[in-house]
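Take a look at the structure set out below.
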Amino acid sequence: MDKILIIDDNSGIISALELLLSLHNLNCVSAVTPQAGLQLLREHGDIGLVIQDMNFTADTTSGEEGRELFFAIREIEPDLPVILLTAWTQLEMAVELVKAGAADYIGKPWDDHKLVATVKNLLELSELQAQQRHSRQEAMQARQQLRQQFDLQEIVYRSSAMQKLLEMATQVARSEVPVLITGPNGAGKEKIADIVQANSTLRDGPYLKVNVGALPEELMEAELFGAEAGAYTGAGNRARQGRFEAADGGTLFLDEIGELSASGQVKLLRVLQTGEFQRLGSSQTRRVNVRVLSATNSDLPQQIAAGHFRQDLFYRLNVIELKVPALRDRAEDILPLALAFLHHGIGQTKQLSPQAQSALVRYHWPGNVRELQNSMQRAAVLTSGDTIEAETLALPQQDTGARAELSFEPSRELLEQTLASCNGIIAQAARELGLSRQALYRRLDKYGIPY
């Protein structure tokens with residue numbers, strides 16, 4: 001465990017603290033002046049906590065020296081927990097420093113049990129925070145590395161779920177096998193298809209997109225495979241080239257593939273197997289080299305069981321499956337996406353209040369990324385000032401029970417902003433965040449935010 005740095009001008013207090021902490025297997029280093037303490041802090045890389053006095057000059061009781069020392073420590077190690085040793089005359093100063101980031105204050109004479117428990121808890125919390133910072137740094141480096149290596153089409157994300165999805169998408173992009181992209185409506189399946197195509201060997205070839213679900217059934221086959229003149233009512237006197245022919249040498253993205261007709265499924269299966277197809281109304285076999293990316297929000301295995309989708313076609317399309325998670329399952333992405341939509345759209349100078357950020361993160365987003373984008377555009381239009389408030393978002397009411405609380409994980413920044421806007425009042429901050437006070441306390445302890 002890390003060492004404890006004790007800074008106090010009273011050698012008797014230093015000896016007492018060193019003895020007490022050594023009995024609990026806690027190692028200490030000490031200094032009798034602020035300057036010596038700061039020098040030890042610079043020299044030792046394993047200081048995990050500081051216990052500091054508030055006065056170092058005889059007949060001084062203002063606590064101003066302790067204040068200066070505290071902020072000097074923060075300049076060297078901004079996240080290092082600091083315990084203040086105070087007499088009753090410095091209590092007001094100690095409270096001020098706790099609000100400024102000190103971990104705790106303990107009065108003289110101290111309670112041995114309380115002091116040791118506080119020290120152990122802060123050291124454990126500091127170690128946990130260091131691990132979290134390391135994990136965040138590793139995640140950020142992984143995102144940066146992926147962006148440097150691949151064309152991610154300016155996708156905005158922060159979650160580990162999307163990182164894994166993008167790593168897989170860029171890996172499979174280099175092959176030319178069919179890819180099936182699944183996920184709920186509005187989650188970003190087309191964006192994933194764009195990333196696969198942009199990093200494929202066919203990225204310089206044609207890239208066509210067809211929303212199969214938007215095509216009338218009688219036109220679907222003609223749209224995909226083409227049609228000879230007069231092949232169907234309204235076909236006209238000219239032959240029509242289908243999307244497969246137009247995408248020859250490139251990529252074809254078929255959205256809502258579960259809506260493809262039975263005869264269309266047969267033809268698509270043949271193209272995937274042989275690269276061959278026939279135009280509607282023609283017996284001439286044509287051959288193309290097209291990579292097929294498809295997407296669906298449907299449960300295709302269920303459609304197979306119901307006899308609505310061919311099992312052999314499913315296996316052809318599903319050589320590689322990329323599952324796009326719902327937005328509610330990657331809450332870390334909500335605020336980055338919201339700010340990206342805001343700053344790259346009509347509300348470029350507008351910001352989100354802490355209450356608005358809280359409302360965005362707590363909402364379940366049944367419409368996923370598309371709903372979030374629409375909400376930000378609407379809020380930007382309706383906000384005349386520079387700050388968008390929660391009321392302007394006008395998000396629909398939803399269940400705010402235990403499940404909602406468990407799915408809500410506010411960031412450190414949001415917690416700090418909310419506490420500041422509520423003047424440090426825990427009950428008010430908890431209401432703004434939609435959390436119980438106990439849940440808020442747990443999150444404040446997790447990030448080491450003083451309260």
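Following the order of the structure tokens, chains are lettered A, B, ..., residues in each are numbered from 1, and ligands are numbered from 1.
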Quick one: everything within 7 Å of Gly424 in chain A, counting only C-alpha atoms, minus sequence neighbours fewer than 4 positions away in the same chain. Send it as a list of chain:residue names.
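In the requested format, the answer is A:Leu419, A:Ala420, A:Tyr451.
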From the DSSP assignment of the backbone, select every residue of range 239-324 of chain A that is strand (DSSP E), and format the answer as a list in words.
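Reading the DSSP output for range 239-324 of chain A, strand (DSSP E) covers Thr251, Leu252, Phe253, Leu254, Asp255, Glu276, Phe277, Gln278, Thr285, Arg286, Arg287, Arg291, Val292, Leu293, Ser294, Ala295, Thr296, Ile320, Glu321, Leu322 and Lys323 of chain A.
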Please write the residues from the selection above to a file, keeping N, CA and C atoms, as a PDB file, in the first residue's frame.
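Saved to part_20.pdb:
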ATOM      1  N   THR A 251     -19.953  -2.526 -53.347  1.00  0.00           N
ATOM      2  CA  THR A 251     -20.700  -2.994 -52.182  1.00  0.00           C
ATOM      3  C   THR A 251     -22.152  -2.573 -52.283  1.00  0.00           C
ATOM      4  N   LEU A 252     -23.036  -3.469 -51.881  1.00  0.00           N
ATOM      5  CA  LEU A 252     -24.471  -3.186 -51.837  1.00  0.00           C
ATOM      6  C   LEU A 252     -24.958  -3.374 -50.412  1.00  0.00           C
ATOM      7  N   PHE A 253     -25.561  -2.331 -49.847  1.00  0.00           N
ATOM      8  CA  PHE A 253     -26.101  -2.394 -48.487  1.00  0.00           C
ATOM      9  C   PHE A 253     -27.609  -2.534 -48.559  1.00  0.00           C
ATOM     10  N   LEU A 254     -28.125  -3.628 -48.036  1.00  0.00           N
ATOM     11  CA  LEU A 254     -29.555  -3.929 -48.034  1.00  0.00           C
ATOM     12  C   LEU A 254     -30.100  -3.752 -46.624  1.00  0.00           C
ATOM     13  N   ASP A 255     -30.792  -2.650 -46.396  1.00  0.00           N
ATOM     14  CA  ASP A 255     -31.376  -2.386 -45.085  1.00  0.00           C
ATOM     15  C   ASP A 255     -32.750  -3.043 -44.998  1.00  0.00           C
ATOM     16  N   GLU A 276     -24.572 -14.930 -59.756  1.00  0.00           N
ATOM     17  CA  GLU A 276     -25.421 -14.890 -60.943  1.00  0.00           C
ATOM     18  C   GLU A 276     -26.865 -14.548 -60.583  1.00  0.00           C
ATOM     19  N   PHE A 277     -27.555 -13.913 -61.542  1.00  0.00           N
ATOM     20  CA  PHE A 277     -28.969 -13.587 -61.375  1.00  0.00           C
ATOM     21  C   PHE A 277     -29.558 -13.316 -62.758  1.00  0.00           C
ATOM     22  N   GLN A 278     -30.874 -13.177 -62.771  1.00  0.00           N
ATOM     23  CA  GLN A 278     -31.581 -12.827 -64.008  1.00  0.00           C
ATOM     24  C   GLN A 278     -32.485 -11.637 -63.749  1.00  0.00           C
ATOM     25  N   THR A 285     -28.737 -15.017 -68.046  1.00  0.00           N
ATOM     26  CA  THR A 285     -28.014 -15.010 -66.778  1.00  0.00           C
ATOM     27  C   THR A 285     -26.921 -13.953 -66.804  1.00  0.00           C
ATOM     28  N   ARG A 286     -26.888 -13.154 -65.806  1.00  0.00           N
ATOM     29  CA  ARG A 286     -25.871 -12.108 -65.676  1.00  0.00           C
ATOM     30  C   ARG A 286     -25.004 -12.414 -64.458  1.00  0.00           C
ATOM     31  N   ARG A 287     -23.782 -11.935 -64.510  1.00  0.00           N
ATOM     32  CA  ARG A 287     -22.845 -12.241 -63.433  1.00  0.00           C
ATOM     33  C   ARG A 287     -22.238 -10.945 -62.882  1.00  0.00           C
ATOM     34  N   ARG A 291     -20.147  -7.262 -53.015  1.00  0.00           N
ATOM     35  CA  ARG A 291     -20.176  -7.635 -51.599  1.00  0.00           C
ATOM     36  C   ARG A 291     -21.478  -7.130 -50.997  1.00  0.00           C
ATOM     37  N   VAL A 292     -22.174  -7.998 -50.278  1.00  0.00           N
ATOM     38  CA  VAL A 292     -23.473  -7.649 -49.706  1.00  0.00           C
ATOM     39  C   VAL A 292     -23.340  -7.433 -48.202  1.00  0.00           C
ATOM     40  N   LEU A 293     -23.728  -6.235 -47.783  1.00  0.00           N
ATOM     41  CA  LEU A 293     -23.921  -5.936 -46.369  1.00  0.00           C
ATOM     42  C   LEU A 293     -25.421  -5.795 -46.146  1.00  0.00           C
ATOM     43  N   SER A 294     -25.930  -6.409 -45.116  1.00  0.00           N
ATOM     44  CA  SER A 294     -27.364  -6.320 -44.864  1.00  0.00           C
ATOM     45  C   SER A 294     -27.606  -5.958 -43.408  1.00  0.00           C
ATOM     46  N   ALA A 295     -28.792  -5.442 -43.155  1.00  0.00           N
ATOM     47  CA  ALA A 295     -29.138  -5.022 -41.796  1.00  0.00           C
ATOM     48  C   ALA A 295     -30.597  -5.326 -41.523  1.00  0.00           C
ATOM     49  N   THR A 296     -30.887  -5.570 -40.257  1.00  0.00           N
ATOM     50  CA  THR A 296     -32.274  -5.826 -39.870  1.00  0.00           C
ATOM     51  C   THR A 296     -32.465  -5.545 -38.390  1.00  0.00           C
ATOM     52  N   ILE A 320     -20.785 -13.206 -41.028  1.00  0.00           N
ATOM     53  CA  ILE A 320     -20.327 -12.386 -39.900  1.00  0.00           C
ATOM     54  C   ILE A 320     -21.508 -11.556 -39.421  1.00  0.00           C
ATOM     55  N   GLU A 321     -21.786 -11.592 -38.122  1.00  0.00           N
ATOM     56  CA  GLU A 321     -22.856 -10.765 -37.562  1.00  0.00           C
ATOM     57  C   GLU A 321     -22.258  -9.682 -36.675  1.00  0.00           C
ATOM     58  N   LEU A 322     -22.675  -8.455 -36.902  1.00  0.00           N
ATOM     59  CA  LEU A 322     -22.281  -7.326 -36.068  1.00  0.00           C
ATOM     60  C   LEU A 322     -23.529  -6.825 -35.344  1.00  0.00           C
ATOM     61  N   LYS A 323     -23.528  -6.928 -34.028  1.00  0.00           N
ATOM     62  CA  LYS A 323     -24.691  -6.526 -33.236  1.00  0.00           C
ATOM     63  C   LYS A 323     -24.484  -5.119 -32.686  1.00  0.00           C
TER      64      LYS A 323
END
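The closest residue to Ala130 in chain A, picked from A:Ala427, A:Leu80, A:Leu215, A:Leu202 and counting only C-alpha atoms, is A:Leu80.
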For the interface of range 29-66 of chain A with range 102-107 of chain A (cut-off 10 Å, counting only C-alpha atoms), please tabulate each contacting residue of range 29-66 of chain A alongside its nearest pair of atoms and their separation in Å to one decimal, rows sorted by chain and increasing number, as a tab-separated table.
residue	atom	partner	partner_atom	distance
A:Leu49	CA	A:Ala103	CA	9.5
A:Val50	CA	A:Ala103	CA	9.7
A:Ile51	CA	A:Tyr105	CA	9.2
A:Gln52	CA	A:Tyr105	CA	9.5
A:Asp53	CA	A:Tyr105	CA	10.0
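The two atoms in question, CA of Gly45 in chain A and CA of Val119 in chain A, are spaced 18.4 Å apart.
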Within 12 Å of range 356-362 of chain A, which residues of range 217-335 of chain A come that close, and what is the closest atom pair and distance in Å for each? Count only C-alpha atoms and give it as a Markdown table.
| residue | atom | partner | partner_atom | distance |
| --- | --- | --- | --- | --- |
| A:Leu327 | CA | A:Val361 | CA | 10.0 |
| A:Arg328 | CA | A:Val361 | CA | 8.5 |
| A:Asp329 | CA | A:Val361 | CA | 11.0 |
| A:Arg330 | CA | A:Val361 | CA | 10.0 |
| A:Ala331 | CA | A:Val361 | CA | 6.4 |
| A:Glu332 | CA | A:Val361 | CA | 8.3 |
| A:Asp333 | CA | A:Val361 | CA | 9.2 |
| A:Ile334 | CA | A:Val361 | CA | 6.3 |
| A:Leu335 | CA | A:Gln357 | CA | 6.9 |
Give me the residues within 10 Å of Met54 in chain A as a list in words, counting only C-alpha atoms and dropping any in the same chain fewer than 4 places off.
Ile7, Asp8, Asp9, Thr60, Thr61, Ser62, Gly63, Glu64, Glu65, Gly66, Arg67, Glu68, Leu69, Phe70, Leu84, Leu85, Thr86, Ala87, Gln90, Met93 and Ala94 of chain A
Kindly indicate which residue among A:Thr170, A:Ser22, A:Ser30, A:Gln137 lies nearest to Val196 in chain A, using only C-alpha atoms for the distances.
A:Thr170
Counting only C-alpha atoms, figure out which residue out of A:Gln284, A:Lys189, A:Leu372, A:Arg443 gets nearest to Val324 in chain A.
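Smallest distance to Val324 in chain A is found for A:Lys189.
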Taking into account only C-alpha atoms, which residue in the set A:Val290, A:Ala227, A:Val179, A:Leu280 is nearest to Phe244 in chain A?
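Nearest candidate to Phe244 in chain A out of A:Val290, A:Ala227, A:Val179, A:Leu280: A:Val290.
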Would you please extract all alpha helix (DSSP H) residues from range 140-222 of chain A, as assigned by DSSP on the backbone, and give them as number ranges by chain?
A: 140-149, 160-173, 189-198, 217-222
For N, CA, C and O atoms, I'd like the residues from the last selection saved as a compact mmCIF listing (two decimals), in the first residue's frame.
# COMPACT_ATOMS: atom_id res chain seq x y z
N MET A 140 -9.10 5.36 -23.79
CA MET A 140 -8.91 6.50 -24.67
C MET A 140 -7.82 6.22 -25.70
O MET A 140 -7.96 6.54 -26.88
N GLN A 141 -6.73 5.59 -25.27
CA GLN A 141 -5.65 5.25 -26.19
C GLN A 141 -6.11 4.25 -27.24
O GLN A 141 -5.72 4.33 -28.41
N ALA A 142 -6.96 3.28 -26.80
CA ALA A 142 -7.48 2.30 -27.76
C ALA A 142 -8.37 2.98 -28.80
O ALA A 142 -8.31 2.65 -29.99
N ARG A 143 -9.18 3.97 -28.37
CA ARG A 143 -10.03 4.69 -29.32
C ARG A 143 -9.17 5.50 -30.29
O ARG A 143 -9.43 5.52 -31.50
N GLN A 144 -8.15 6.16 -29.77
CA GLN A 144 -7.28 6.97 -30.63
C GLN A 144 -6.55 6.09 -31.64
O GLN A 144 -6.41 6.45 -32.82
N GLN A 145 -6.08 4.95 -31.18
CA GLN A 145 -5.36 4.04 -32.07
C GLN A 145 -6.26 3.52 -33.19
O GLN A 145 -5.85 3.44 -34.35
N LEU A 146 -7.50 3.20 -32.84
CA LEU A 146 -8.44 2.72 -33.85
C LEU A 146 -8.74 3.80 -34.88
O LEU A 146 -8.81 3.53 -36.09
N ARG A 147 -8.88 5.05 -34.42
CA ARG A 147 -9.14 6.16 -35.34
C ARG A 147 -7.95 6.42 -36.26
O ARG A 147 -8.12 6.83 -37.41
N GLN A 148 -6.75 6.21 -35.74
CA GLN A 148 -5.56 6.43 -36.56
C GLN A 148 -5.40 5.35 -37.62
O GLN A 148 -4.92 5.61 -38.72
N GLN A 149 -5.81 4.14 -37.30
CA GLN A 149 -5.61 3.01 -38.21
C GLN A 149 -6.72 2.87 -39.25
O GLN A 149 -6.47 2.38 -40.34
N SER A 160 -17.22 0.98 -24.11
CA SER A 160 -16.44 -0.21 -24.46
C SER A 160 -17.22 -1.11 -25.42
O SER A 160 -16.63 -1.81 -26.24
N ALA A 161 -18.56 -1.09 -25.32
CA ALA A 161 -19.38 -1.91 -26.21
C ALA A 161 -19.19 -1.48 -27.67
O ALA A 161 -19.03 -2.33 -28.56
N MET A 162 -19.17 -0.17 -27.92
CA MET A 162 -18.95 0.31 -29.28
C MET A 162 -17.51 0.11 -29.72
O MET A 162 -17.24 -0.13 -30.90
N GLN A 163 -16.57 0.21 -28.79
CA GLN A 163 -15.17 -0.04 -29.13
C GLN A 163 -15.00 -1.47 -29.65
O GLN A 163 -14.35 -1.71 -30.68
N LYS A 164 -15.60 -2.44 -28.95
CA LYS A 164 -15.50 -3.84 -29.38
C LYS A 164 -16.18 -4.03 -30.73
O LYS A 164 -15.66 -4.76 -31.59
N LEU A 165 -17.34 -3.40 -30.92
CA LEU A 165 -18.06 -3.53 -32.18
C LEU A 165 -17.23 -2.97 -33.33
O LEU A 165 -17.11 -3.59 -34.40
N LEU A 166 -16.62 -1.80 -33.14
CA LEU A 166 -15.83 -1.17 -34.20
C LEU A 166 -14.54 -1.95 -34.48
O LEU A 166 -14.10 -2.03 -35.63
N GLU A 167 -13.95 -2.51 -33.45
CA GLU A 167 -12.76 -3.35 -33.67
C GLU A 167 -13.12 -4.54 -34.55
O GLU A 167 -12.37 -4.90 -35.47
N MET A 168 -14.27 -5.16 -34.29
CA MET A 168 -14.69 -6.29 -35.09
C MET A 168 -15.07 -5.85 -36.50
O MET A 168 -14.74 -6.51 -37.49
N ALA A 169 -15.77 -4.71 -36.61
CA ALA A 169 -16.21 -4.21 -37.92
C ALA A 169 -15.01 -3.92 -38.82
O ALA A 169 -15.01 -4.25 -40.01
N THR A 170 -13.98 -3.28 -38.28
CA THR A 170 -12.81 -2.95 -39.09
C THR A 170 -11.99 -4.20 -39.41
O THR A 170 -11.32 -4.25 -40.44
N GLN A 171 -12.07 -5.19 -38.54
CA GLN A 171 -11.36 -6.45 -38.81
C GLN A 171 -12.00 -7.21 -39.97
O GLN A 171 -11.31 -7.69 -40.87
N VAL A 172 -13.33 -7.33 -39.95
CA VAL A 172 -14.02 -8.09 -40.99
C VAL A 172 -14.13 -7.30 -42.29
O VAL A 172 -14.42 -7.87 -43.34
N ALA A 173 -13.88 -5.99 -42.23
CA ALA A 173 -14.01 -5.16 -43.43
C ALA A 173 -13.07 -5.61 -44.53
O ALA A 173 -13.39 -5.51 -45.71
N LYS A 189 -27.11 1.20 -37.47
CA LYS A 189 -26.67 0.07 -38.30
C LYS A 189 -26.07 0.55 -39.62
O LYS A 189 -25.08 0.00 -40.11
N GLU A 190 -26.68 1.58 -40.23
CA GLU A 190 -26.15 2.08 -41.49
C GLU A 190 -24.76 2.68 -41.32
O GLU A 190 -23.90 2.52 -42.19
N LYS A 191 -24.52 3.34 -40.19
CA LYS A 191 -23.20 3.90 -39.91
C LYS A 191 -22.15 2.79 -39.83
O LYS A 191 -21.02 2.93 -40.33
N ILE A 192 -22.50 1.67 -39.22
CA ILE A 192 -21.57 0.53 -39.14
C ILE A 192 -21.30 -0.02 -40.53
O ILE A 192 -20.17 -0.37 -40.88
N ALA A 193 -22.34 -0.08 -41.38
CA ALA A 193 -22.15 -0.53 -42.75
C ALA A 193 -21.20 0.40 -43.49
O ALA A 193 -20.32 -0.04 -44.25
N ASP A 194 -21.35 1.71 -43.27
CA ASP A 194 -20.46 2.69 -43.91
C ASP A 194 -19.01 2.46 -43.49
O ASP A 194 -18.09 2.58 -44.30
N ILE A 195 -18.80 2.13 -42.22
CA ILE A 195 -17.44 1.90 -41.72
C ILE A 195 -16.85 0.64 -42.33
O ILE A 195 -15.67 0.61 -42.71
N VAL A 196 -17.66 -0.41 -42.43
CA VAL A 196 -17.18 -1.65 -43.06
C VAL A 196 -16.77 -1.37 -44.50
O VAL A 196 -15.68 -1.75 -44.95
N GLN A 197 -17.62 -0.66 -45.25
CA GLN A 197 -17.31 -0.37 -46.66
C GLN A 197 -16.07 0.53 -46.79
O GLN A 197 -15.22 0.32 -47.65
N ALA A 198 -15.96 1.53 -45.91
CA ALA A 198 -14.86 2.50 -46.01
C ALA A 198 -13.50 1.87 -45.75
O ALA A 198 -12.48 2.40 -46.18
N GLU A 217 -43.66 -4.51 -52.78
CA GLU A 217 -43.24 -5.86 -53.11
C GLU A 217 -43.13 -6.08 -54.61
O GLU A 217 -42.22 -6.76 -55.09
N GLU A 218 -44.05 -5.46 -55.40
CA GLU A 218 -44.04 -5.70 -56.84
C GLU A 218 -42.84 -5.03 -57.52
O GLU A 218 -42.49 -5.37 -58.66
N LEU A 219 -42.21 -4.05 -56.83
CA LEU A 219 -41.06 -3.37 -57.41
C LEU A 219 -39.73 -3.82 -56.82
O LEU A 219 -38.67 -3.44 -57.31
N MET A 220 -39.78 -4.61 -55.77
CA MET A 220 -38.58 -4.96 -55.04
C MET A 220 -37.58 -5.71 -55.91
O MET A 220 -36.39 -5.37 -55.97
N GLU A 221 -38.06 -6.74 -56.61
CA GLU A 221 -37.15 -7.53 -57.44
C GLU A 221 -36.59 -6.71 -58.59
O GLU A 221 -35.40 -6.82 -58.92
N ALA A 222 -37.43 -5.88 -59.19
CA ALA A 222 -36.96 -5.04 -60.28
C ALA A 222 -35.90 -4.05 -59.79
O ALA A 222 -34.92 -3.77 -60.48
Nearest to Asp151 in chain A by atom-to-atom distance, counting only C-alpha atoms, from A:Asn199, A:Asn297, A:Ser353, A:Gln348
A:Asn199
Which one is closest to Gln428 in chain A: A:Asn368, A:Thr383, A:Gln355, A:Gln241? Count only C-alpha atoms.
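The shortest atom-to-atom distance to Gln428 in chain A comes from A:Gln355.
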